[in-house]
Structures are given as structure tokens and as C-alpha cells.
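A short write-up of the structure that comes next.
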Amino acid sequence: MKSVAVIGTGIMAAGIAAGFIARNIPVVILGRSKEKADACLDKSITLAKKIGMTGPNAQKDPALIKTEQSTDTLEGWSDWNQFQWVIETVAENLEIKQAVFSFLDKTVPPHIPIGSNSSGFPISKIAEGLTTANRMMGAHYFMPAEVVPLVEIVMGQKTDLASAQQACELYKAIDKKPVLVKKDIPGFLANRIQHALMREALSLVQEGIATPEDIDDAVRYSFGFRYAAVGPMTQKEISGWDGMANAAKEIYPSLSNITTLPPKVVQLMSEGKTGMKAGEGFRKWSPEEIAKVSDSYSRRLKAAFDVLNIE
């Protein structure tokens, strides 16, 4: 079975690698040093066991699994032919990503597809001017990468459709849910939809119409609750487009169309109130609350995953 190369050693790299390891696909983690790659691999194996491993690796000790995974620095690696897929997960810095892709363009055999987990930079810009840009694409995961099923396969200006479909088939084989984005637009699919929702939610908070807590409850216990069962398009197929169309005539003209962040969010940023990691966002968070919410979040994600797998 051919391996997968994961370039990078951060949180996303560990989660991405775990998804392949859990489904018995060998992974090579390439980073700035063997020490960082080894540490990332250890984390990946732990995550793989946590989400449930299948195949021959399922009953093995992590130390034995590790001997089957190779680690090295990116520049020091030479056996590129062993891979069926190469994915980059380095820091969200355009120059660094372009440098990595320039190296891969010259080094990785042209029949092997290459993806970038960038959440902000278009693959067309990352792969700009490269000879083999036709086999390069976005491969955008969502945190935690080992749990959230979606992977957005984003085609750039020069991406070959067959290469993108090859990546989609690989992800289907490891029980991920790939979606093919046929144009390299900002935010791809999921983040565009998410930011449209956030723009309206933050505008409602800014205007004093609702609190952040009420926004959360309104989403979680209404359409968010339904979306765990079916997506928005299918839900409207069920309820009827005529009802949606009539409501849209009244609602659309009043929706927020701001193009910059609301003042309240700008103020939070200027005060360093960036959320739980800072101990405060729209509200203060104690260490105990952070631990409780984080644990609850993980358990609810697992429950949501189980719901999604109900036929």
C-alpha cells in the first residue's frame, strides 16, 4: 500500500496524519527536523487510536507502529515514488508555502497529486508559475482534523480535474467526506457559508438585538439542530422552496452587508480579548470553564459524528 506524505509538524499535521494511520495507510511526516517529525508522529498515533484504528495496525503497540513510519527532513527525503498523496500543512505564510511548493514541483514525480491545507491562500497563488501546477490543489481540513469529516478539495486555475477526483477518492477510502470546489474562490465552500452566518450574527450583537449567548442558542437549537441530520439544500427540498422564497422577500433586504468587522469585534481584538486562549472574549473564561467546555465540545463532536453515520 502506498504511503502519504504530510509536510509539517503542527496540530493540523498530527490530525491529518492520524486520519490515514487510523485507516491503515502508512504516513511519512516531514518537518524541519527529525525530532519534530517524531513528536508529531507520536501525537498522530495517539489520535489515531483515540478515533479508532482499523486493519492490521489496530492491535499493535504504538512503538511498533512507529517503526513502520519513516521520518526525515523535507530536503533530506528522496523516496518520493512511494507516495500516493502529498499534503502540505506548514505555517499560514504565503512565502513559506510557495517555497515548499516550488521544492515539491521539482522533486515529486509529476503523477503524484499535491495538496495544501491552507485555509486562506488560494492554491492558484501558492502554485503560481510552477511547471506541475496541474496536479496541485487545496486540501482544506477543519479542526480537529482527525474528527471533522469534511475535506475541501479546491481546484486552482490550472488544476487537472482527474487529479482532484483522485484526491477525493482517496479521502472517501479513509471515511472522510470530500467536497470538490471547482473554482479557487476566497473561503472555498464551508468558510464562505460560515462567514456569511458570522457576519449576520455579529451584526445582530453589534446592534444590540441579541446577546452572543442567544445567538448560540438560536443556531444550535433550530436550523443547526436540523443540519446535523441533513444540509441546508436538502432541508429546503423537504420543507419546500416556496416557503423559503416567500420569507426571503422579507428577510434578504434587511440582512447585513458590511464589508469590515463590526466595531465591537475590533475593540475586542485591540484589547487582546481573543477568546478562551486569552481568558476573555465577549465574556471572561476561567480555567475550569475552559476545561469543561472543551471536554463537552469534544464529546458533542463525537456524538455528531455518530449521527452523521446513521443511514
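In the C-alpha cells, each chain is lettered A, B, ... as it comes, each chain's residues begin at 1, and ligands are numbered from 1 in order of appearance.
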Quiz item: Can you tell me, as a list in words, what residues are no more than 10 Å from Gln157 (chain A) when counting only C-alpha atoms, ignoring any on the same chain fewer than 6 positions away?
Solution: Pro122, Ile123, Ser124, Lys125, Ala127, Glu128, Ala133, Asn134, Met136, Met137, Lys182, Lys183 and Asp184 of chain A
Practice problem: Do a neighbour search on region 193-205 of chain A at 6 Å with only C-alpha atoms, toss out local chain neighbours closer than 5 positions, and write the hits as a PyMOL selection string. | Solution: chain A and resi 210-211+256
For the residues in that selection, give me N, CA and C atoms as an mmCIF file, in the first residue's frame.
data_model
loop_
_atom_site.group_PDB
_atom_site.id
_atom_site.type_symbol
_atom_site.label_atom_id
_atom_site.label_comp_id
_atom_site.auth_asym_id
_atom_site.auth_seq_id
_atom_site.Cartn_x
_atom_site.Cartn_y
_atom_site.Cartn_z
ATOM 1 N N ALA A 210 -29.467 40.971 19.948
ATOM 2 C CA ALA A 210 -29.343 39.703 20.664
ATOM 3 C C ALA A 210 -27.969 39.611 21.316
ATOM 4 N N THR A 211 -27.866 38.799 22.368
ATOM 5 C CA THR A 211 -26.580 38.558 23.034
ATOM 6 C C THR A 211 -25.856 37.413 22.323
ATOM 7 N N SER A 256 -27.424 41.928 6.883
ATOM 8 C CA SER A 256 -26.194 42.724 6.940
ATOM 9 C C SER A 256 -25.376 42.539 5.665
#
Selection near region 15-24 of chain A, 9 Å with only C-alpha atoms, sequence-local residues under 3 positions removed, as an mmCIF file with all heavy atoms, in the first residue's frame:
data_model
loop_
_atom_site.group_PDB
_atom_site.id
_atom_site.type_symbol
_atom_site.label_atom_id
_atom_site.label_comp_id
_atom_site.auth_asym_id
_atom_site.auth_seq_id
_atom_site.Cartn_x
_atom_site.Cartn_y
_atom_site.Cartn_z
ATOM 1 N N MET A 1 0.836 -1.194 0.000
ATOM 2 C CA MET A 1 0.000 0.000 0.000
ATOM 3 C C MET A 1 0.874 1.248 0.000
ATOM 4 O O MET A 1 1.795 1.358 0.800
ATOM 5 C CB MET A 1 -0.909 0.013 1.227
ATOM 6 C CG MET A 1 -1.860 1.199 1.273
ATOM 7 S SD MET A 1 -2.950 1.136 2.705
ATOM 8 C CE MET A 1 -3.906 -0.306 2.321
ATOM 9 N N VAL A 4 1.408 8.136 2.397
ATOM 10 C CA VAL A 4 1.020 9.533 2.278
ATOM 11 C C VAL A 4 2.087 10.367 2.968
ATOM 12 O O VAL A 4 2.542 10.017 4.063
ATOM 13 C CB VAL A 4 -0.356 9.788 2.925
ATOM 14 C CG1 VAL A 4 -0.614 11.281 3.101
ATOM 15 C CG2 VAL A 4 -1.461 9.153 2.084
ATOM 16 N N ALA A 5 2.497 11.458 2.346
ATOM 17 C CA ALA A 5 3.463 12.370 2.953
ATOM 18 C C ALA A 5 2.726 13.567 3.536
ATOM 19 O O ALA A 5 1.927 14.210 2.846
ATOM 20 C CB ALA A 5 4.483 12.849 1.921
ATOM 21 N N VAL A 6 2.979 13.849 4.812
ATOM 22 C CA VAL A 6 2.422 15.029 5.477
ATOM 23 C C VAL A 6 3.583 15.959 5.779
ATOM 24 O O VAL A 6 4.495 15.608 6.534
ATOM 25 C CB VAL A 6 1.677 14.645 6.775
ATOM 26 C CG1 VAL A 6 1.174 15.902 7.481
ATOM 27 C CG2 VAL A 6 0.525 13.698 6.466
ATOM 28 N N GLY A 10 2.758 20.509 12.973
ATOM 29 C CA GLY A 10 1.874 21.173 13.927
ATOM 30 C C GLY A 10 0.634 20.358 14.263
ATOM 31 O O GLY A 10 0.538 19.159 13.950
ATOM 32 N N ILE A 11 -0.351 21.020 14.871
ATOM 33 C CA ILE A 11 -1.583 20.367 15.304
ATOM 34 C C ILE A 11 -2.339 19.779 14.123
ATOM 35 O O ILE A 11 -2.828 18.651 14.166
ATOM 36 C CB ILE A 11 -2.479 21.368 16.067
ATOM 37 C CG1 ILE A 11 -1.797 21.804 17.373
ATOM 38 C CG2 ILE A 11 -3.840 20.754 16.361
ATOM 39 C CD1 ILE A 11 -2.530 22.897 18.110
ATOM 40 N N MET A 12 -2.440 20.564 13.043
ATOM 41 C CA MET A 12 -3.164 20.078 11.878
ATOM 42 C C MET A 12 -2.464 18.876 11.248
ATOM 43 O O MET A 12 -3.113 17.910 10.830
ATOM 44 C CB MET A 12 -3.332 21.197 10.849
ATOM 45 C CG MET A 12 -4.289 22.292 11.279
ATOM 46 S SD MET A 12 -5.971 21.697 11.610
ATOM 47 C CE MET A 12 -6.527 21.258 9.970
ATOM 48 N N VAL A 27 2.136 6.598 6.840
ATOM 49 C CA VAL A 27 2.345 8.040 6.753
ATOM 50 C C VAL A 27 3.806 8.381 6.989
ATOM 51 O O VAL A 27 4.443 7.823 7.885
ATOM 52 C CB VAL A 27 1.465 8.790 7.778
ATOM 53 C CG1 VAL A 27 1.835 10.260 7.841
ATOM 54 C CG2 VAL A 27 -0.014 8.640 7.418
ATOM 55 N N VAL A 28 4.323 9.298 6.188
ATOM 56 C CA VAL A 28 5.647 9.867 6.404
ATOM 57 C C VAL A 28 5.454 11.325 6.768
ATOM 58 O O VAL A 28 4.841 12.087 6.013
ATOM 59 C CB VAL A 28 6.524 9.751 5.142
ATOM 60 C CG1 VAL A 28 7.846 10.481 5.351
ATOM 61 C CG2 VAL A 28 6.772 8.293 4.798
ATOM 62 N N ILE A 29 5.929 11.724 7.937
ATOM 63 C CA ILE A 29 5.832 13.115 8.367
ATOM 64 C C ILE A 29 7.175 13.790 8.139
ATOM 65 O O ILE A 29 8.206 13.347 8.655
ATOM 66 C CB ILE A 29 5.406 13.211 9.846
ATOM 67 C CG1 ILE A 29 3.992 12.638 10.023
ATOM 68 C CG2 ILE A 29 5.457 14.664 10.322
ATOM 69 C CD1 ILE A 29 3.502 12.615 11.444
ATOM 70 N N CYS A 40 5.536 14.720 16.292
ATOM 71 C CA CYS A 40 4.256 14.823 15.582
ATOM 72 C C CYS A 40 3.698 13.426 15.304
ATOM 73 O O CYS A 40 2.494 13.185 15.446
ATOM 74 C CB CYS A 40 4.439 15.608 14.282
ATOM 75 S SG CYS A 40 2.914 15.861 13.350
ATOM 76 N N LEU A 41 4.564 12.514 14.922
ATOM 77 C CA LEU A 41 4.137 11.143 14.654
ATOM 78 C C LEU A 41 3.575 10.487 15.909
ATOM 79 O O LEU A 41 2.548 9.799 15.864
ATOM 80 C CB LEU A 41 5.301 10.328 14.103
ATOM 81 C CG LEU A 41 5.002 8.874 13.766
ATOM 82 C CD1 LEU A 41 3.884 8.769 12.755
ATOM 83 C CD2 LEU A 41 6.258 8.176 13.263
ATOM 84 N N LYS A 43 2.126 11.970 18.376
ATOM 85 C CA LYS A 43 0.808 12.577 18.588
ATOM 86 C C LYS A 43 -0.211 11.974 17.624
ATOM 87 O O LYS A 43 -1.348 11.683 18.004
ATOM 88 C CB LYS A 43 0.916 14.083 18.377
ATOM 89 C CG LYS A 43 -0.397 14.839 18.494
ATOM 90 C CD LYS A 43 -0.947 14.830 19.892
ATOM 91 C CE LYS A 43 -2.152 15.743 20.014
ATOM 92 N NZ LYS A 43 -2.775 15.681 21.367
ATOM 93 N N SER A 44 0.190 11.770 16.375
ATOM 94 C CA SER A 44 -0.710 11.219 15.365
ATOM 95 C C SER A 44 -1.174 9.822 15.739
ATOM 96 O O SER A 44 -2.360 9.482 15.596
ATOM 97 C CB SER A 44 -0.013 11.177 14.002
ATOM 98 O OG SER A 44 0.340 12.462 13.567
ATOM 99 N N ILE A 45 -0.255 8.996 16.223
ATOM 100 C CA ILE A 45 -0.597 7.628 16.610
ATOM 101 C C ILE A 45 -1.571 7.629 17.786
ATOM 102 O O ILE A 45 -2.539 6.864 17.820
ATOM 103 C CB ILE A 45 0.675 6.834 16.943
ATOM 104 C CG1 ILE A 45 1.520 6.652 15.679
ATOM 105 C CG2 ILE A 45 0.327 5.480 17.554
ATOM 106 C CD1 ILE A 45 2.904 6.115 15.938
ATOM 107 N N THR A 46 -1.342 8.526 18.733
ATOM 108 C CA THR A 46 -2.252 8.648 19.876
ATOM 109 C C THR A 46 -3.652 9.034 19.407
ATOM 110 O O THR A 46 -4.655 8.459 19.845
ATOM 111 C CB THR A 46 -1.725 9.700 20.868
ATOM 112 O OG1 THR A 46 -0.450 9.288 21.362
ATOM 113 C CG2 THR A 46 -2.686 9.874 22.039
ATOM 114 N N LEU A 47 -3.726 10.010 18.499
ATOM 115 C CA LEU A 47 -5.019 10.452 17.978
ATOM 116 C C LEU A 47 -5.692 9.345 17.173
ATOM 117 O O LEU A 47 -6.912 9.167 17.243
ATOM 118 C CB LEU A 47 -4.835 11.696 17.102
ATOM 119 C CG LEU A 47 -4.402 12.979 17.825
ATOM 120 C CD1 LEU A 47 -4.100 14.077 16.808
ATOM 121 C CD2 LEU A 47 -5.482 13.437 18.805
ATOM 122 N N ALA A 48 -4.892 8.604 16.390
ATOM 123 C CA ALA A 48 -5.443 7.521 15.585
ATOM 124 C C ALA A 48 -6.097 6.471 16.465
ATOM 125 O O ALA A 48 -7.186 5.953 16.163
ATOM 126 C CB ALA A 48 -4.346 6.896 14.725
ATOM 127 N N LYS A 49 -5.453 6.133 17.560
ATOM 128 C CA LYS A 49 -6.024 5.153 18.483
ATOM 129 C C LYS A 49 -7.284 5.702 19.149
ATOM 130 O O LYS A 49 -8.232 4.959 19.426
ATOM 131 C CB LYS A 49 -4.984 4.761 19.520
ATOM 132 C CG LYS A 49 -3.896 3.834 18.969
ATOM 133 C CD LYS A 49 -2.988 3.339 20.060
ATOM 134 C CE LYS A 49 -2.113 2.203 19.552
ATOM 135 N NZ LYS A 49 -2.851 0.970 19.287
ATOM 136 N N ILE A 51 -9.496 7.792 17.834
ATOM 137 C CA ILE A 51 -10.651 7.808 16.941
ATOM 138 C C ILE A 51 -11.020 6.405 16.460
ATOM 139 O O ILE A 51 -12.055 6.207 15.831
ATOM 140 C CB ILE A 51 -10.421 8.729 15.720
ATOM 141 C CG1 ILE A 51 -9.232 8.263 14.873
ATOM 142 C CG2 ILE A 51 -10.231 10.169 16.179
ATOM 143 C CD1 ILE A 51 -9.014 9.086 13.618
ATOM 144 N N GLY A 52 -10.155 5.435 16.738
ATOM 145 C CA GLY A 52 -10.452 4.053 16.375
ATOM 146 C C GLY A 52 -9.709 3.611 15.141
ATOM 147 O O GLY A 52 -9.937 4.133 14.047
ATOM 148 N N MET A 53 -8.809 2.658 15.299
ATOM 149 C CA MET A 53 -8.000 2.184 14.192
ATOM 150 C C MET A 53 -8.599 0.915 13.599
ATOM 151 O O MET A 53 -9.220 0.122 14.283
ATOM 152 C CB MET A 53 -6.562 1.921 14.657
ATOM 153 C CG MET A 53 -5.863 3.179 15.157
ATOM 154 S SD MET A 53 -4.176 2.886 15.744
ATOM 155 C CE MET A 53 -3.371 2.441 14.207
ATOM 156 N N THR A 54 -8.405 0.750 12.291
ATOM 157 C CA THR A 54 -8.864 -0.451 11.612
ATOM 158 C C THR A 54 -7.684 -1.127 10.929
ATOM 159 O O THR A 54 -6.629 -0.523 10.770
ATOM 160 C CB THR A 54 -9.919 -0.117 10.543
ATOM 161 O OG1 THR A 54 -9.330 0.751 9.557
ATOM 162 C CG2 THR A 54 -11.122 0.573 11.158
ATOM 163 N N GLY A 55 -7.861 -2.373 10.526
ATOM 164 C CA GLY A 55 -6.805 -3.075 9.806
ATOM 165 C C GLY A 55 -5.751 -3.638 10.732
ATOM 166 O O GLY A 55 -5.889 -3.668 11.957
ATOM 167 N N PRO A 56 -4.624 -4.086 10.154
ATOM 168 C CA PRO A 56 -3.558 -4.762 10.917
ATOM 169 C C PRO A 56 -2.964 -3.921 12.043
ATOM 170 O O PRO A 56 -2.471 -4.468 13.020
ATOM 171 C CB PRO A 56 -2.493 -5.051 9.844
ATOM 172 C CG PRO A 56 -3.257 -5.099 8.567
ATOM 173 C CD PRO A 56 -4.347 -4.090 8.711
ATOM 174 N N ASN A 57 -2.999 -2.598 11.901
ATOM 175 C CA ASN A 57 -2.396 -1.762 12.941
ATOM 176 C C ASN A 57 -3.249 -1.653 14.201
ATOM 177 O O ASN A 57 -2.782 -1.164 15.226
ATOM 178 C CB ASN A 57 -2.144 -0.349 12.406
ATOM 179 C CG ASN A 57 -0.893 -0.285 11.547
ATOM 180 O OD1 ASN A 57 -0.038 -1.156 11.627
ATOM 181 N ND2 ASN A 57 -0.795 0.740 10.728
ATOM 182 N N ALA A 58 -4.511 -2.069 14.115
ATOM 183 C CA ALA A 58 -5.453 -1.799 15.194
ATOM 184 C C ALA A 58 -5.002 -2.328 16.549
ATOM 185 O O ALA A 58 -5.223 -1.701 17.571
ATOM 186 C CB ALA A 58 -6.823 -2.379 14.839
ATOM 187 N N THR A 89 1.165 21.211 5.287
ATOM 188 C CA THR A 89 0.428 21.781 6.425
ATOM 189 C C THR A 89 1.285 22.784 7.193
ATOM 190 O O THR A 89 1.120 22.946 8.400
ATOM 191 C CB THR A 89 -0.022 20.666 7.401
ATOM 192 O OG1 THR A 89 1.146 20.136 8.065
ATOM 193 C CG2 THR A 89 -0.736 19.557 6.683
ATOM 194 N N TYR A 141 -8.757 21.055 5.559
ATOM 195 C CA TYR A 141 -9.367 20.366 6.700
ATOM 196 C C TYR A 141 -9.928 21.385 7.693
ATOM 197 O O TYR A 141 -9.628 22.575 7.630
ATOM 198 C CB TYR A 141 -8.320 19.550 7.445
ATOM 199 C CG TYR A 141 -7.911 18.221 6.852
ATOM 200 C CD1 TYR A 141 -7.106 18.150 5.729
ATOM 201 C CD2 TYR A 141 -8.289 17.032 7.464
ATOM 202 C CE1 TYR A 141 -6.681 16.920 5.224
ATOM 203 C CE2 TYR A 141 -7.876 15.797 6.971
ATOM 204 C CZ TYR A 141 -7.072 15.749 5.847
ATOM 205 O OH TYR A 141 -6.653 14.542 5.360
ATOM 206 N N MET A 143 -10.470 21.882 12.045
ATOM 207 C CA MET A 143 -10.040 21.369 13.351
ATOM 208 C C MET A 143 -11.235 20.841 14.150
ATOM 209 O O MET A 143 -12.304 21.454 14.126
ATOM 210 C CB MET A 143 -9.344 22.470 14.152
ATOM 211 C CG MET A 143 -7.987 22.860 13.586
ATOM 212 S SD MET A 143 -7.148 24.095 14.625
ATOM 213 C CE MET A 143 -6.843 23.112 16.105
ATOM 214 N N PRO A 144 -11.022 19.733 14.907
ATOM 215 C CA PRO A 144 -9.839 18.871 14.881
ATOM 216 C C PRO A 144 -9.852 17.965 13.648
ATOM 217 O O PRO A 144 -10.857 17.295 13.370
ATOM 218 C CB PRO A 144 -9.961 18.076 16.183
ATOM 219 C CG PRO A 144 -11.430 18.060 16.480
ATOM 220 C CD PRO A 144 -11.992 19.331 15.946
ATOM 221 N N ALA A 145 -8.759 17.963 12.926
ATOM 222 C CA ALA A 145 -8.698 17.308 11.625
ATOM 223 C C ALA A 145 -8.967 15.813 11.687
ATOM 224 O O ALA A 145 -9.465 15.225 10.717
ATOM 225 C CB ALA A 145 -7.324 17.558 10.992
ATOM 226 N N GLU A 146 -8.654 15.186 12.808
ATOM 227 C CA GLU A 146 -8.861 13.741 12.923
ATOM 228 C C GLU A 146 -10.328 13.388 13.164
ATOM 229 O O GLU A 146 -10.728 12.229 12.993
ATOM 230 C CB GLU A 146 -7.992 13.150 14.037
ATOM 231 C CG GLU A 146 -8.411 13.488 15.447
ATOM 232 C CD GLU A 146 -7.929 14.852 15.925
ATOM 233 O OE1 GLU A 146 -7.373 15.613 15.116
ATOM 234 O OE2 GLU A 146 -8.118 15.145 17.129
ATOM 235 N N VAL A 147 -11.151 14.383 13.539
ATOM 236 C CA VAL A 147 -12.554 14.127 13.867
ATOM 237 C C VAL A 147 -13.502 14.676 12.805
ATOM 238 O O VAL A 147 -14.400 13.963 12.337
ATOM 239 C CB VAL A 147 -12.905 14.736 15.246
ATOM 240 C CG1 VAL A 147 -14.400 14.557 15.537
ATOM 241 C CG2 VAL A 147 -12.075 14.107 16.340
ATOM 242 N N TYR A 171 -9.783 10.218 -0.102
ATOM 243 C CA TYR A 171 -10.423 10.606 1.152
ATOM 244 C C TYR A 171 -11.680 9.796 1.431
ATOM 245 O O TYR A 171 -11.991 9.476 2.580
ATOM 246 C CB TYR A 171 -10.713 12.108 1.158
ATOM 247 C CG TYR A 171 -9.472 12.908 1.501
ATOM 248 C CD1 TYR A 171 -8.839 13.698 0.549
ATOM 249 C CD2 TYR A 171 -8.912 12.825 2.764
ATOM 250 C CE1 TYR A 171 -7.688 14.399 0.858
ATOM 251 C CE2 TYR A 171 -7.759 13.518 3.083
ATOM 252 C CZ TYR A 171 -7.149 14.302 2.130
ATOM 253 O OH TYR A 171 -5.998 14.983 2.449
ATOM 254 N N ALA A 173 -11.941 6.761 0.725
ATOM 255 C CA ALA A 173 -11.425 5.464 1.169
ATOM 256 C C ALA A 173 -11.059 5.452 2.644
ATOM 257 O O ALA A 173 -10.999 4.382 3.260
ATOM 258 C CB ALA A 173 -10.218 5.065 0.326
ATOM 259 N N ILE A 174 -10.801 6.619 3.236
ATOM 260 C CA ILE A 174 -10.478 6.669 4.668
ATOM 261 C C ILE A 174 -11.640 7.264 5.471
ATOM 262 O O ILE A 174 -11.463 7.759 6.579
ATOM 263 C CB ILE A 174 -9.170 7.433 4.947
ATOM 264 C CG1 ILE A 174 -9.271 8.913 4.560
ATOM 265 C CG2 ILE A 174 -7.997 6.769 4.254
ATOM 266 C CD1 ILE A 174 -8.140 9.766 5.104
ATOM 267 N N ASP A 175 -12.837 7.213 4.873
ATOM 268 C CA ASP A 175 -14.072 7.617 5.555
ATOM 269 C C ASP A 175 -14.155 9.105 5.848
ATOM 270 O O ASP A 175 -14.855 9.521 6.784
ATOM 271 C CB ASP A 175 -14.259 6.822 6.855
ATOM 272 C CG ASP A 175 -14.335 5.331 6.612
ATOM 273 O OD1 ASP A 175 -14.940 4.945 5.599
ATOM 274 O OD2 ASP A 175 -13.777 4.556 7.413
ATOM 275 N N LYS A 176 -13.461 9.913 5.068
ATOM 276 C CA LYS A 176 -13.655 11.354 5.134
ATOM 277 C C LYS A 176 -14.766 11.735 4.157
ATOM 278 O O LYS A 176 -15.221 10.915 3.337
ATOM 279 C CB LYS A 176 -12.358 12.098 4.787
ATOM 280 C CG LYS A 176 -11.306 12.049 5.887
ATOM 281 C CD LYS A 176 -11.720 12.856 7.093
ATOM 282 C CE LYS A 176 -10.624 12.977 8.128
ATOM 283 N NZ LYS A 176 -11.056 13.752 9.321
#
Self-check item: Selected residue, from A:Arg226, A:Lys264, A:Arg283, A:Lys106, that lies nearest to Leu130 (chain A) when counting only C-alpha atoms
Solution: A:Lys106
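Shortest separation to Leu74 (chain A) among A:Thr274, A:Asn93, A:Asn117, A:Thr9 occurs at residue A:Thr9, atoms counted being only C-alpha atoms.
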Quiz item: Could you pull the residues within 9 Å of Lys2 (chain A), counting only C-alpha atoms, minus those fewer than 2 positions along the same chain, as a PyMOL selection string?
Solution: chain A and resi 4+25-26+81-85
Practice problem: Give me every helix (DSSP H, G or I) residue in region 150-180 of chain A, going by DSSP on the backbone, as a PyMOL selection string. | Solution: chain A and resi 161-173
Expected file contents, prior selection, N, CA and C atoms, as a compact mmCIF listing (two decimals), in the first residue's frame:
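selection_20.txt written:
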# COMPACT_ATOMS: atom_id res chain seq x y z
N LEU A 161 -8.77 18.14 -13.46
CA LEU A 161 -9.93 17.55 -12.80
C LEU A 161 -9.65 16.12 -12.35
N ALA A 162 -8.94 15.35 -13.16
CA ALA A 162 -8.66 13.96 -12.81
C ALA A 162 -7.83 13.86 -11.54
N SER A 163 -6.88 14.77 -11.35
CA SER A 163 -6.06 14.77 -10.13
C SER A 163 -6.91 15.09 -8.91
N ALA A 164 -7.82 16.07 -9.05
CA ALA A 164 -8.70 16.44 -7.94
C ALA A 164 -9.63 15.28 -7.59
N GLN A 165 -10.14 14.61 -8.60
CA GLN A 165 -11.02 13.47 -8.34
C GLN A 165 -10.26 12.31 -7.70
N GLN A 166 -8.99 12.17 -8.07
CA GLN A 166 -8.15 11.14 -7.45
C GLN A 166 -8.00 11.40 -5.95
N ALA A 167 -7.81 12.67 -5.58
CA ALA A 167 -7.71 13.03 -4.17
C ALA A 167 -9.04 12.76 -3.45
N CYS A 168 -10.14 13.08 -4.10
CA CYS A 168 -11.46 12.83 -3.49
C CYS A 168 -11.65 11.34 -3.21
N GLU A 169 -11.26 10.49 -4.15
CA GLU A 169 -11.42 9.05 -3.96
C GLU A 169 -10.57 8.55 -2.80
N LEU A 170 -9.37 9.10 -2.64
CA LEU A 170 -8.52 8.71 -1.53
C LEU A 170 -9.19 9.03 -0.20
N TYR A 171 -9.78 10.22 -0.10
CA TYR A 171 -10.42 10.61 1.15
C TYR A 171 -11.68 9.80 1.43
N LYS A 172 -12.40 9.44 0.39
CA LYS A 172 -13.56 8.56 0.59
C LYS A 172 -13.11 7.22 1.16
N ALA A 173 -11.94 6.76 0.73
CA ALA A 173 -11.43 5.46 1.17
C ALA A 173 -11.06 5.45 2.64
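Counting only C-alpha atoms, the residue from A:Val293, A:Ile87, A:Pro263, A:Tyr252 that sits nearest to Met276 (chain A) is A:Val293.
Using only C-alpha atoms, the smallest distance between any of A:Val181, A:Ala37, A:Val154, A:Ile7 and Ile96 (chain A) comes from A:Ile7.
Between CA of Gly281 (chain A) and CA of Gln206 (chain A) the separation is 14.3 Å.
Distance check against Glu152 (chain A) using only C-alpha atoms: of A:His140, A:Arg192, A:Arg299, A:Lys249, the minimum falls on A:His140.
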